[in-house]
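One file, protein-v3.cif, is given below (mmCIF, C-alpha atoms).
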```cif
data_target
#
loop_
_atom_site.label_atom_id
_atom_site.label_comp_id
_atom_site.auth_asym_id
_atom_site.auth_seq_id
_atom_site.Cartn_x
_atom_site.Cartn_y
_atom_site.Cartn_z
CA MET M 1 77.39 62.95 -9.82
CA LYS M 2 80.17 65.50 -9.84
CA MET M 3 82.47 65.77 -6.89
CA MET M 4 81.14 68.21 -4.33
CA ARG M 5 82.68 69.62 -1.21
CA PHE M 6 81.22 68.78 2.14
CA PRO M 7 82.49 68.45 5.71
CA LEU M 8 83.31 64.90 6.64
CA TYR M 9 85.60 62.78 8.69
CA PHE M 10 85.63 59.05 8.94
CA TRP M 11 87.68 56.07 9.53
CA ALA M 12 87.77 54.28 12.72
CA LEU M 13 86.46 53.33 16.04
CA CYS M 14 89.17 55.29 17.79
CA ALA M 15 88.17 58.36 15.86
CA VAL M 16 84.61 58.26 17.05
CA LEU M 17 85.63 57.69 20.65
CA LEU M 18 87.54 60.93 20.38
CA TYR M 19 88.50 62.91 23.44
CA ASN M 20 87.90 66.64 23.39
CA ALA M 21 91.02 68.47 22.26
CA SER M 22 90.61 70.91 25.14
CA SER M 23 92.60 68.46 27.22
CA ILE M 24 95.64 69.42 25.16
CA CYS M 25 96.75 73.02 25.35
CA HIS M 26 99.89 74.57 23.88
CA GLY M 27 101.54 71.17 23.68
CA HIS M 28 100.96 70.33 27.36
CA VAL M 29 98.91 67.25 28.14
CA SER M 30 96.45 67.28 31.02
CA LEU M 31 95.98 63.66 32.07
CA PRO M 32 93.54 62.26 34.59
CA GLY M 33 95.14 61.17 37.82
CA LYS M 34 95.03 57.43 37.19
CA TYR M 35 94.90 57.10 33.45
CA VAL M 36 95.12 53.79 31.59
CA ALA M 37 97.41 53.60 28.57
CA MET M 38 96.12 52.18 25.30
CA PHE M 39 98.10 50.25 22.70
CA VAL M 40 96.40 49.84 19.34
CA PHE M 41 97.09 47.18 16.70
CA GLY M 42 95.55 46.16 13.42
CA ASP M 43 94.24 47.51 10.15
CA SER M 44 92.38 50.54 8.82
CA ILE M 45 89.69 50.33 11.50
CA PHE M 46 92.35 51.69 13.86
CA ASP M 47 95.01 53.18 11.56
CA ALA M 48 95.69 56.70 12.78
CA GLY M 49 98.19 57.71 10.11
CA ASN M 50 101.09 55.28 10.33
CA ASN M 51 100.63 54.60 6.62
CA ASP M 52 101.58 58.21 5.92
CA TYR M 53 105.15 57.19 6.76
CA ILE M 54 105.44 54.17 4.48
CA ASN M 55 105.34 53.81 0.71
CA THR M 56 101.73 52.81 0.10
CA ILE M 57 98.58 54.02 -1.61
CA ALA M 58 96.53 53.05 1.46
CA GLN M 59 96.45 56.56 2.93
CA ALA M 60 93.72 59.07 3.68
CA ASN M 61 95.50 62.36 4.29
CA TYR M 62 93.54 64.30 1.68
CA PHE M 63 90.05 65.49 0.85
CA PRO M 64 87.41 64.27 1.44
CA TYR M 65 88.83 62.42 4.42
CA GLY M 66 89.09 64.21 7.74
CA GLU M 67 87.47 67.50 6.87
CA SER M 68 84.69 67.68 9.42
CA PHE M 69 87.13 67.11 12.26
CA PHE M 70 90.12 69.10 11.08
CA LYS M 71 88.23 71.62 8.90
CA ASN M 72 91.13 71.19 6.52
CA PRO M 73 91.25 68.34 4.00
CA ASN M 74 95.03 68.52 3.79
CA TRP M 75 95.46 67.47 7.39
CA GLN M 76 96.09 63.81 7.99
CA ILE M 77 92.91 61.93 8.53
CA PHE M 78 93.42 60.24 11.78
CA ARG M 79 95.86 61.93 14.07
CA TRP M 80 94.13 60.53 17.08
CA SER M 81 93.40 57.23 18.75
CA ASN M 82 91.82 58.24 21.99
CA THR M 83 88.43 58.43 23.48
CA GLU M 84 86.10 60.87 25.10
CA TYR M 85 85.24 58.01 27.42
CA VAL M 86 88.80 57.07 28.41
CA LYS M 87 89.78 60.75 28.70
CA LEU M 88 93.17 60.51 27.03
CA PRO M 89 94.79 62.93 24.61
CA PHE M 90 95.71 61.77 21.11
CA ILE M 91 97.68 58.56 21.28
CA PRO M 92 100.89 58.97 19.25
CA LEU M 93 101.70 57.02 16.12
CA TYR M 94 104.62 54.67 16.35
CA LEU M 95 106.08 55.83 13.03
CA GLN M 96 105.57 59.54 13.66
CA PRO M 97 109.00 61.21 13.64
CA GLY M 98 110.14 62.54 17.00
CA ASN M 99 107.77 60.41 19.04
CA SER M 100 109.42 58.95 22.12
CA ASP M 101 106.78 59.39 24.83
CA TYR M 102 104.85 56.15 25.13
CA SER M 103 103.38 56.75 28.58
CA ILE M 104 99.78 57.00 27.33
CA GLY M 105 100.18 54.27 24.73
CA VAL M 106 101.02 53.94 21.05
CA ASN M 107 99.11 53.30 17.85
CA PHE M 108 100.78 50.68 15.64
CA ALA M 109 97.86 50.02 13.25
CA SER M 110 98.26 50.12 9.49
CA GLY M 111 95.53 50.28 6.84
CA GLY M 112 95.54 47.10 4.77
CA ALA M 113 97.40 45.07 7.40
CA GLY M 114 96.76 41.43 8.05
CA ALA M 115 97.70 38.91 10.69
CA LEU M 116 99.62 37.06 7.97
CA ASP M 117 102.85 38.51 6.62
CA GLU M 118 101.76 37.80 3.04
CA THR M 119 98.59 39.92 3.20
CA ASN M 120 99.09 43.15 1.22
CA GLN M 121 102.83 42.59 1.60
CA GLY M 122 104.79 45.77 0.92
CA MET M 123 101.67 47.96 1.22
CA ALA M 124 101.00 47.74 4.96
CA ILE M 125 102.65 46.95 8.29
CA ASP M 126 101.67 43.37 9.13
CA LEU M 127 100.64 42.39 12.64
CA GLY M 128 103.89 40.56 13.32
CA THR M 129 105.86 43.72 12.64
CA GLN M 130 103.46 45.76 14.79
CA LEU M 131 104.03 43.33 17.67
CA SER M 132 107.79 43.65 17.23
CA TYR M 133 107.37 47.43 17.47
CA PHE M 134 105.51 46.90 20.74
CA LYS M 135 108.46 44.93 22.11
CA ASN M 136 110.65 47.94 21.32
CA VAL M 137 108.24 50.19 23.21
CA SER M 138 108.14 47.88 26.24
CA ARG M 139 111.95 47.92 26.39
CA HIS M 140 111.89 51.71 26.15
CA LEU M 141 109.38 51.96 29.02
CA ARG M 142 111.42 49.67 31.23
CA LYS M 143 114.51 51.73 30.57
CA LYS M 144 112.69 55.01 31.23
CA LEU M 145 110.44 54.03 34.15
CA GLY M 146 112.27 51.11 35.67
CA ASP M 147 111.04 47.54 35.71
CA ALA M 148 108.48 47.90 38.50
CA LYS M 149 106.70 51.00 37.15
CA ALA M 150 106.82 49.74 33.57
CA LYS M 151 105.34 46.41 34.63
CA ALA M 152 102.51 48.17 36.47
CA SER M 153 101.78 50.45 33.50
CA LEU M 154 101.76 47.60 30.98
CA SER M 155 99.53 45.55 33.24
CA ARG M 156 96.95 48.36 33.58
CA ALA M 157 97.01 49.19 29.87
CA VAL M 158 94.38 48.07 27.37
CA TYR M 159 95.46 46.44 24.10
CA LEU M 160 93.03 46.89 21.21
CA PHE M 161 93.07 44.71 18.08
CA SER M 162 91.23 44.84 14.78
CA VAL M 163 92.77 42.37 12.34
CA GLY M 164 91.82 39.50 10.05
CA SER M 165 89.46 40.91 7.43
CA ASN M 166 92.23 41.60 4.93
CA ASP M 167 93.62 38.08 5.38
CA TYR M 168 90.36 36.54 4.17
CA VAL M 169 89.46 38.99 1.41
CA PHE M 170 92.95 39.45 -0.07
CA PRO M 171 93.20 35.91 -1.56
CA PHE M 172 89.90 36.44 -3.41
CA TYR M 173 90.96 39.89 -4.55
CA ILE M 174 94.16 38.62 -6.18
CA ASN M 175 92.66 35.24 -7.17
CA SER M 176 95.20 33.42 -5.03
CA SER M 177 95.26 29.65 -4.59
CA VAL M 178 96.21 29.92 -0.91
CA LEU M 179 92.70 29.14 0.34
CA ARG M 180 92.77 25.90 -1.64
CA SER M 181 96.06 24.92 -0.02
CA TYR M 182 94.63 24.68 3.50
CA SER M 183 91.45 23.50 5.12
CA ARG M 184 89.25 26.29 6.41
CA GLU M 185 90.18 25.39 9.97
CA GLU M 186 93.90 25.47 9.17
CA PHE M 187 93.73 28.88 7.50
CA VAL M 188 91.67 30.45 10.28
CA GLY M 189 94.09 28.96 12.79
CA GLN M 190 96.98 30.68 11.03
CA VAL M 191 95.19 34.04 11.07
CA ILE M 192 94.30 33.87 14.75
CA GLY M 193 97.68 32.41 15.67
CA ASN M 194 99.33 33.66 18.85
CA ILE M 195 98.04 37.23 18.78
CA THR M 196 97.88 37.68 22.53
CA GLU M 197 100.71 35.41 23.68
CA ASN M 198 103.66 37.74 23.19
CA ILE M 199 101.93 40.72 24.77
CA TYR M 200 100.83 38.63 27.76
CA LYS M 201 104.41 37.46 28.28
CA ILE M 202 105.60 41.08 28.25
CA GLY M 203 102.99 42.08 30.81
CA GLY M 204 99.70 42.83 29.04
CA ARG M 205 96.56 41.64 30.81
CA LYS M 206 93.57 43.50 29.29
CA PHE M 207 92.66 42.92 25.64
CA GLY M 208 89.95 44.26 23.36
CA PHE M 209 89.16 42.55 20.05
CA VAL M 210 86.88 43.71 17.24
CA ASN M 211 85.43 40.61 15.60
CA LEU M 212 85.11 40.37 11.83
CA TRP M 213 82.33 42.25 10.12
CA PRO M 214 80.10 40.67 7.41
CA LEU M 215 82.68 40.98 4.64
CA ALA M 216 80.65 39.37 1.88
CA CYS M 217 78.55 42.44 1.06
CA VAL M 218 80.97 45.29 1.77
CA PRO M 219 80.99 47.56 -1.33
CA PHE M 220 84.61 46.91 -2.35
CA VAL M 221 84.06 43.14 -2.08
CA ARG M 222 81.08 43.35 -4.46
CA VAL M 223 83.36 44.73 -7.21
CA ILE M 224 86.04 42.04 -6.96
CA PRO M 225 86.51 40.76 -10.54
CA GLY M 226 83.93 38.12 -11.32
CA GLN M 227 81.46 39.15 -8.63
CA ASN M 228 79.35 41.40 -10.89
CA GLY M 229 77.91 43.19 -7.89
CA ALA M 230 76.98 40.06 -5.98
CA CYS M 231 77.99 39.40 -2.39
CA LEU M 232 81.06 37.19 -2.00
CA ASP M 233 79.34 34.36 -0.18
CA GLN M 234 82.50 32.21 -0.31
CA VAL M 235 84.15 34.39 2.35
CA THR M 236 81.30 34.09 4.87
CA PRO M 237 82.26 30.63 6.25
CA PHE M 238 85.75 31.98 7.00
CA VAL M 239 84.29 34.99 8.81
CA GLN M 240 81.90 32.83 10.81
CA LEU M 241 84.61 30.38 11.82
CA HIS M 242 87.05 33.18 12.68
CA ASN M 243 84.53 34.85 14.96
CA LYS M 244 83.65 31.57 16.63
CA GLU M 245 87.30 30.64 17.17
CA ILE M 246 88.40 34.06 18.44
CA SER M 247 85.59 33.93 21.01
CA ASN M 248 86.62 30.41 22.07
CA LEU M 249 90.27 31.44 22.22
CA LEU M 250 89.61 34.42 24.46
CA GLN M 251 87.47 32.37 26.83
CA LYS M 252 90.23 29.75 26.96
CA LYS M 253 92.91 32.35 27.71
CA HIS M 254 90.68 33.87 30.38
CA SER M 255 90.50 30.53 32.19
CA GLU M 256 94.15 29.55 31.68
CA LEU M 257 96.16 32.74 32.07
CA LYS M 258 96.29 34.56 35.39
CA GLY M 259 94.83 38.06 35.16
CA PHE M 260 93.79 37.75 31.50
CA LYS M 261 90.73 39.92 30.82
CA TYR M 262 89.08 40.71 27.51
CA SER M 263 86.38 42.56 25.65
CA LEU M 264 85.05 41.11 22.40
CA LEU M 265 83.44 43.87 20.35
CA ASP M 266 80.69 42.46 18.14
CA PHE M 267 81.16 44.42 14.93
CA ASN M 268 79.56 41.61 12.92
CA THR M 269 76.11 41.77 14.50
CA PHE M 270 76.28 45.55 14.68
CA LEU M 271 76.89 45.97 10.95
CA ASN M 272 74.56 43.16 9.83
CA GLU M 273 71.68 44.87 11.60
CA ARG M 274 72.41 48.20 9.91
CA ILE M 275 72.81 46.64 6.47
CA ASP M 276 69.54 44.71 6.81
CA HIS M 277 67.52 47.39 8.65
CA PRO M 278 69.10 50.79 7.94
CA SER M 279 66.03 52.91 8.73
CA LYS M 280 65.83 51.40 12.22
CA TYR M 281 69.16 53.06 12.99
CA GLY M 282 68.64 56.35 11.17
CA PHE M 283 70.14 55.50 7.75
CA LYS M 284 68.67 55.47 4.25
CA GLU M 285 71.41 53.64 2.32
CA SER M 286 73.25 50.55 3.56
CA LYS M 287 74.65 48.94 0.41
CA ILE M 288 76.11 51.80 -1.64
CA ALA M 289 79.02 53.84 -0.27
CA CYS M 290 78.88 57.61 0.01
CA CYS M 291 82.23 58.07 -1.75
CA GLY M 292 83.79 56.02 -4.52
CA SER M 293 83.54 54.89 -8.12
CA GLY M 294 81.74 52.19 -10.06
CA PRO M 295 78.95 49.89 -8.90
CA TYR M 296 77.99 50.43 -5.27
CA ARG M 297 80.77 53.07 -5.32
CA GLY M 298 82.85 50.05 -4.47
CA ILE M 299 86.07 50.99 -6.26
CA PHE M 300 88.64 52.70 -4.04
CA SER M 301 89.28 56.07 -5.64
CA TYR M 302 91.41 57.58 -2.85
CA GLY M 303 89.81 60.98 -3.34
CA GLY M 304 91.01 61.06 -6.95
CA LYS M 305 94.64 61.07 -5.81
CA ARG M 306 95.62 57.75 -7.37
CA CYS M 307 94.89 56.02 -10.69
CA ILE M 308 91.18 56.86 -10.61
CA THR M 309 90.71 60.60 -10.77
CA GLU M 310 86.91 60.73 -11.02
CA TYR M 311 84.70 59.71 -8.13
CA GLU M 312 81.25 60.32 -6.76
CA LEU M 313 80.38 61.87 -3.44
CA CYS M 314 76.96 61.71 -1.80
CA ASP M 315 74.99 64.79 -0.78
CA ASN M 316 74.29 63.76 2.82
CA VAL M 317 76.80 61.42 4.44
CA SER M 318 74.64 60.94 7.54
CA GLU M 319 72.19 58.89 5.44
CA TYR M 320 74.84 56.28 4.61
CA VAL M 321 76.21 53.31 6.55
CA PHE M 322 79.36 53.12 4.40
CA PHE M 323 81.47 56.18 3.76
CA ASP M 324 83.80 54.67 1.21
CA SER M 325 84.00 51.17 -0.23
CA GLY M 326 85.55 49.62 2.86
CA HIS M 327 84.81 51.83 5.87
CA LEU M 328 81.78 53.15 7.71
CA THR M 329 80.61 56.72 8.15
CA ASP M 330 81.25 58.74 11.27
CA LYS M 331 77.61 58.31 12.28
CA ALA M 332 77.86 54.52 12.10
CA TYR M 333 81.14 54.45 14.03
CA GLN M 334 79.64 56.72 16.67
CA GLN M 335 76.86 54.22 17.19
CA PHE M 336 79.35 51.37 17.47
CA ALA M 337 81.50 53.31 19.92
CA LYS M 338 78.56 53.94 22.24
CA LEU M 339 77.50 50.31 22.05
CA VAL M 340 80.88 48.76 22.86
CA TRP M 341 81.75 51.25 25.59
CA ASN M 342 78.98 50.42 28.03
CA GLY M 343 76.54 48.24 26.13
CA LYS M 344 75.37 44.72 26.93
CA LEU M 345 77.72 42.00 25.71
CA ASN M 346 76.75 39.17 23.37
CA PHE M 347 79.63 36.94 24.46
CA LYS M 348 80.33 34.87 27.53
CA GLY M 349 83.02 35.86 30.00
CA GLY M 350 84.04 39.25 28.64
CA TYR M 351 83.67 42.90 29.63
CA ASN M 352 82.47 45.97 27.82
CA LEU M 353 85.24 48.52 27.19
CA LYS M 354 84.24 50.74 30.09
CA SER M 355 84.59 47.86 32.53
CA LEU M 356 87.83 46.72 30.90
CA PHE M 357 89.44 50.11 31.36
CA GLU M 358 88.25 50.32 34.96
CA LEU M 359 89.66 46.94 35.96
CA LYS M 360 92.66 47.09 38.29
#
```
For the structure just supplied, provide its representation as structure tokens.
Amino acid sequence: MKMMRFPLYFWALCAVLLYNASSICHGHVSLPGKYVAMFVFGDSIFDAGNNDYINTIAQANYFPYGESFFKNPNWQIFRWSNTEYVKLPFIPLYLQPGNSDYSIGVNFASGGAGALDETNQGMAIDLGTQLSYFKNVSRHLRKKLGDAKAKASLSRAVYLFSVGSNDYVFPFYINSSVLRSYSREEFVGQVIGNITENIYKIGGRKFGFVNLWPLACVPFVRVIPGQNGACLDQVTPFVQLHNKEISNLLQKKHSELKGFKYSLLDFNTFLNERIDHPSKYGFKESKIACCGSGPYRGIFSYGGKRCITEYELCDNVSEYVFFDSGHLTDKAYQQFAKLVWNGKLNFKGGYNLKSLFELK
């Protein structure tokens, strides 16, 4: 199929929880009286454009990304991180030049990032670096607001995380021996690590985590050399253990740490159901991506802006679960956003996002 032009935006849960831009007028922000700030960490599920400011191919500031929102494919894909539910304006990017107002939160996420420093090293901002950026922001807030007000703001804020998928897929992608150097339990333990500890010590109390999706059959995983279009079943035990351990960890923190609250967003079940039963949720295609190259359109083509200049684009994106080889369509993310905002939880002890934001 030849490349065709069509309106589309994609790429992240934050995008589909978008707040109406009417709340921002002529550069002035109209905030609700008692708003809750949001600090965002992780990978491309939440990346709002930080990668535009580093030397990496993992960017999406070109056609066909972003067009149905911006009506201009040259605009950066994801200049927002806020929600129509939370009623916040666009949360600023940490790396965006000139940004010094962190009162409504900051987006630190970076496409391709992992919890481990070694994951996509040099191509993304790893979680450890993102957490160090947050420490800088907390110091800035204390200096600007004073200790008492900064402490109150950081305590009310919600901290969203989506990280881990790249840590498990990357070793297979580069045929690394790292997974043979550790037991499964040891490797998962390294990935989960002390994600929440540093933020809790600084003052964070409310955390939202997206668990790992079913990575084995994502289009770009199917085209890893040697897979020949098959699902990468070897990664599934890591995903299952990660999701089990992150749930156990959050329950443990909830019982041990004063004021610790959390929301565990079940991306795994959500996506499995749509891959296995697409028509039930209004889709026709759940294995092949709308945009990409090669089998399952699983080869990242970056809109023809990198090494691969030719790529295919579907006629009707709303029929597809996957937009490109590693991310869902807007329609799929919209469904997930609605579910995690006020839906029923599958995990013990947590809150949906609506309740998490409303907690004092």
What does the PyMOL selection byres ((chain M and resi 316-318) around 10) select in this file, as a PDB file with C-alpha atoms, in the frame of the given file?
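Below is the file that was written, selection36.pdb:
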```pdb
ATOM      1  CA  PHE M   6      81.220  68.780   2.140  1.00  0.00           C
ATOM      2  CA  PRO M   7      82.490  68.450   5.710  1.00  0.00           C
ATOM      3  CA  LEU M   8      83.310  64.900   6.640  1.00  0.00           C
ATOM      4  CA  TYR M   9      85.600  62.780   8.690  1.00  0.00           C
ATOM      5  CA  GLY M 282      68.640  56.350  11.170  1.00  0.00           C
ATOM      6  CA  PHE M 283      70.140  55.500   7.750  1.00  0.00           C
ATOM      7  CA  LYS M 284      68.670  55.470   4.250  1.00  0.00           C
ATOM      8  CA  GLU M 285      71.410  53.640   2.320  1.00  0.00           C
ATOM      9  CA  ALA M 289      79.020  53.840  -0.270  1.00  0.00           C
ATOM     10  CA  CYS M 290      78.880  57.610   0.010  1.00  0.00           C
ATOM     11  CA  CYS M 291      82.230  58.070  -1.750  1.00  0.00           C
ATOM     12  CA  LEU M 313      80.380  61.870  -3.440  1.00  0.00           C
ATOM     13  CA  CYS M 314      76.960  61.710  -1.800  1.00  0.00           C
ATOM     14  CA  ASP M 315      74.990  64.790  -0.780  1.00  0.00           C
ATOM     15  CA  GLU M 319      72.190  58.890   5.440  1.00  0.00           C
ATOM     16  CA  TYR M 320      74.840  56.280   4.610  1.00  0.00           C
ATOM     17  CA  VAL M 321      76.210  53.310   6.550  1.00  0.00           C
ATOM     18  CA  PHE M 322      79.360  53.120   4.400  1.00  0.00           C
ATOM     19  CA  PHE M 323      81.470  56.180   3.760  1.00  0.00           C
ATOM     20  CA  THR M 329      80.610  56.720   8.150  1.00  0.00           C
ATOM     21  CA  ASP M 330      81.250  58.740  11.270  1.00  0.00           C
ATOM     22  CA  LYS M 331      77.610  58.310  12.280  1.00  0.00           C
ATOM     23  CA  ALA M 332      77.860  54.520  12.100  1.00  0.00           C
TER      24      ALA M 332
END
```
Could you list, with a cut-off of 12 Å and counting all atoms listed in the file, the residues of range 209-264 of chain M near range 336-347 of chain M, each shown with its nearest atom pair and the distance in Å rounded to one decimal, rows sorted by chain and ascending number, as a tab-separated table?
```
residue	atom	partner	partner_atom	distance
M:Phe209	CA	M:Val340	CA	10.7
M:Val210	CA	M:Val340	CA	9.6
M:Asn211	CA	M:Phe347	CA	11.2
M:Asn243	CA	M:Phe347	CA	10.9
M:Lys244	CA	M:Phe347	CA	10.3
M:Ile246	CA	M:Phe347	CA	11.0
M:Ser247	CA	M:Phe347	CA	7.5
M:Asn248	CA	M:Phe347	CA	9.9
M:Leu250	CA	M:Phe347	CA	10.3
M:Gln251	CA	M:Phe347	CA	9.4
M:Tyr262	CA	M:Phe347	CA	10.6
M:Ser263	CA	M:Leu345	CA	8.7
M:Leu264	CA	M:Phe347	CA	7.1
```
**Prompt:** Pick from M:Lys149, M:Asn175, M:Glu197, M:Gly164: nearest to Gln227 in chain M, with all atoms listed in the file counted?
**Reply:** M:Asn175
Around (84.9, 31.5, 7.8), as given in the file, which residues come within 10 Å? Count all atoms listed in the file and list them as a PDB file with C-alpha atoms, keeping the file's coordinate frame.
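Done, and the output landed in part_8.pdb:
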```pdb
ATOM      1  CA  TYR M 168      90.360  36.540   4.170  1.00  0.00           C
ATOM      2  CA  ARG M 184      89.250  26.290   6.410  1.00  0.00           C
ATOM      3  CA  GLU M 185      90.180  25.390   9.970  1.00  0.00           C
ATOM      4  CA  PHE M 187      93.730  28.880   7.500  1.00  0.00           C
ATOM      5  CA  VAL M 188      91.670  30.450  10.280  1.00  0.00           C
ATOM      6  CA  LEU M 212      85.110  40.370  11.830  1.00  0.00           C
ATOM      7  CA  GLN M 234      82.500  32.210  -0.310  1.00  0.00           C
ATOM      8  CA  VAL M 235      84.150  34.390   2.350  1.00  0.00           C
ATOM      9  CA  THR M 236      81.300  34.090   4.870  1.00  0.00           C
ATOM     10  CA  PRO M 237      82.260  30.630   6.250  1.00  0.00           C
ATOM     11  CA  PHE M 238      85.750  31.980   7.000  1.00  0.00           C
ATOM     12  CA  VAL M 239      84.290  34.990   8.810  1.00  0.00           C
ATOM     13  CA  GLN M 240      81.900  32.830  10.810  1.00  0.00           C
ATOM     14  CA  LEU M 241      84.610  30.380  11.820  1.00  0.00           C
ATOM     15  CA  HIS M 242      87.050  33.180  12.680  1.00  0.00           C
ATOM     16  CA  ASN M 243      84.530  34.850  14.960  1.00  0.00           C
ATOM     17  CA  LYS M 244      83.650  31.570  16.630  1.00  0.00           C
ATOM     18  CA  GLU M 245      87.300  30.640  17.170  1.00  0.00           C
TER      19      GLU M 245
END
```
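Each of M:Pro97, M:Pro214, M:Pro225, M:Gly42 was checked against Glu273 in chain M using all atoms listed in the file; the smallest atom-to-atom distance is that of M:Pro214.
Using all atoms listed in the file, the set of residues no farther than 10 Å from the position (106.2, 47.8, 5.3) comprises Asn51, Tyr53, Ile54, Asn55, Thr56, Ser110, Ala113, Asp117, Asn120, Gln121, Gly122, Met123, Ala124, Ile125, Asp126 and Thr129 of chain M.
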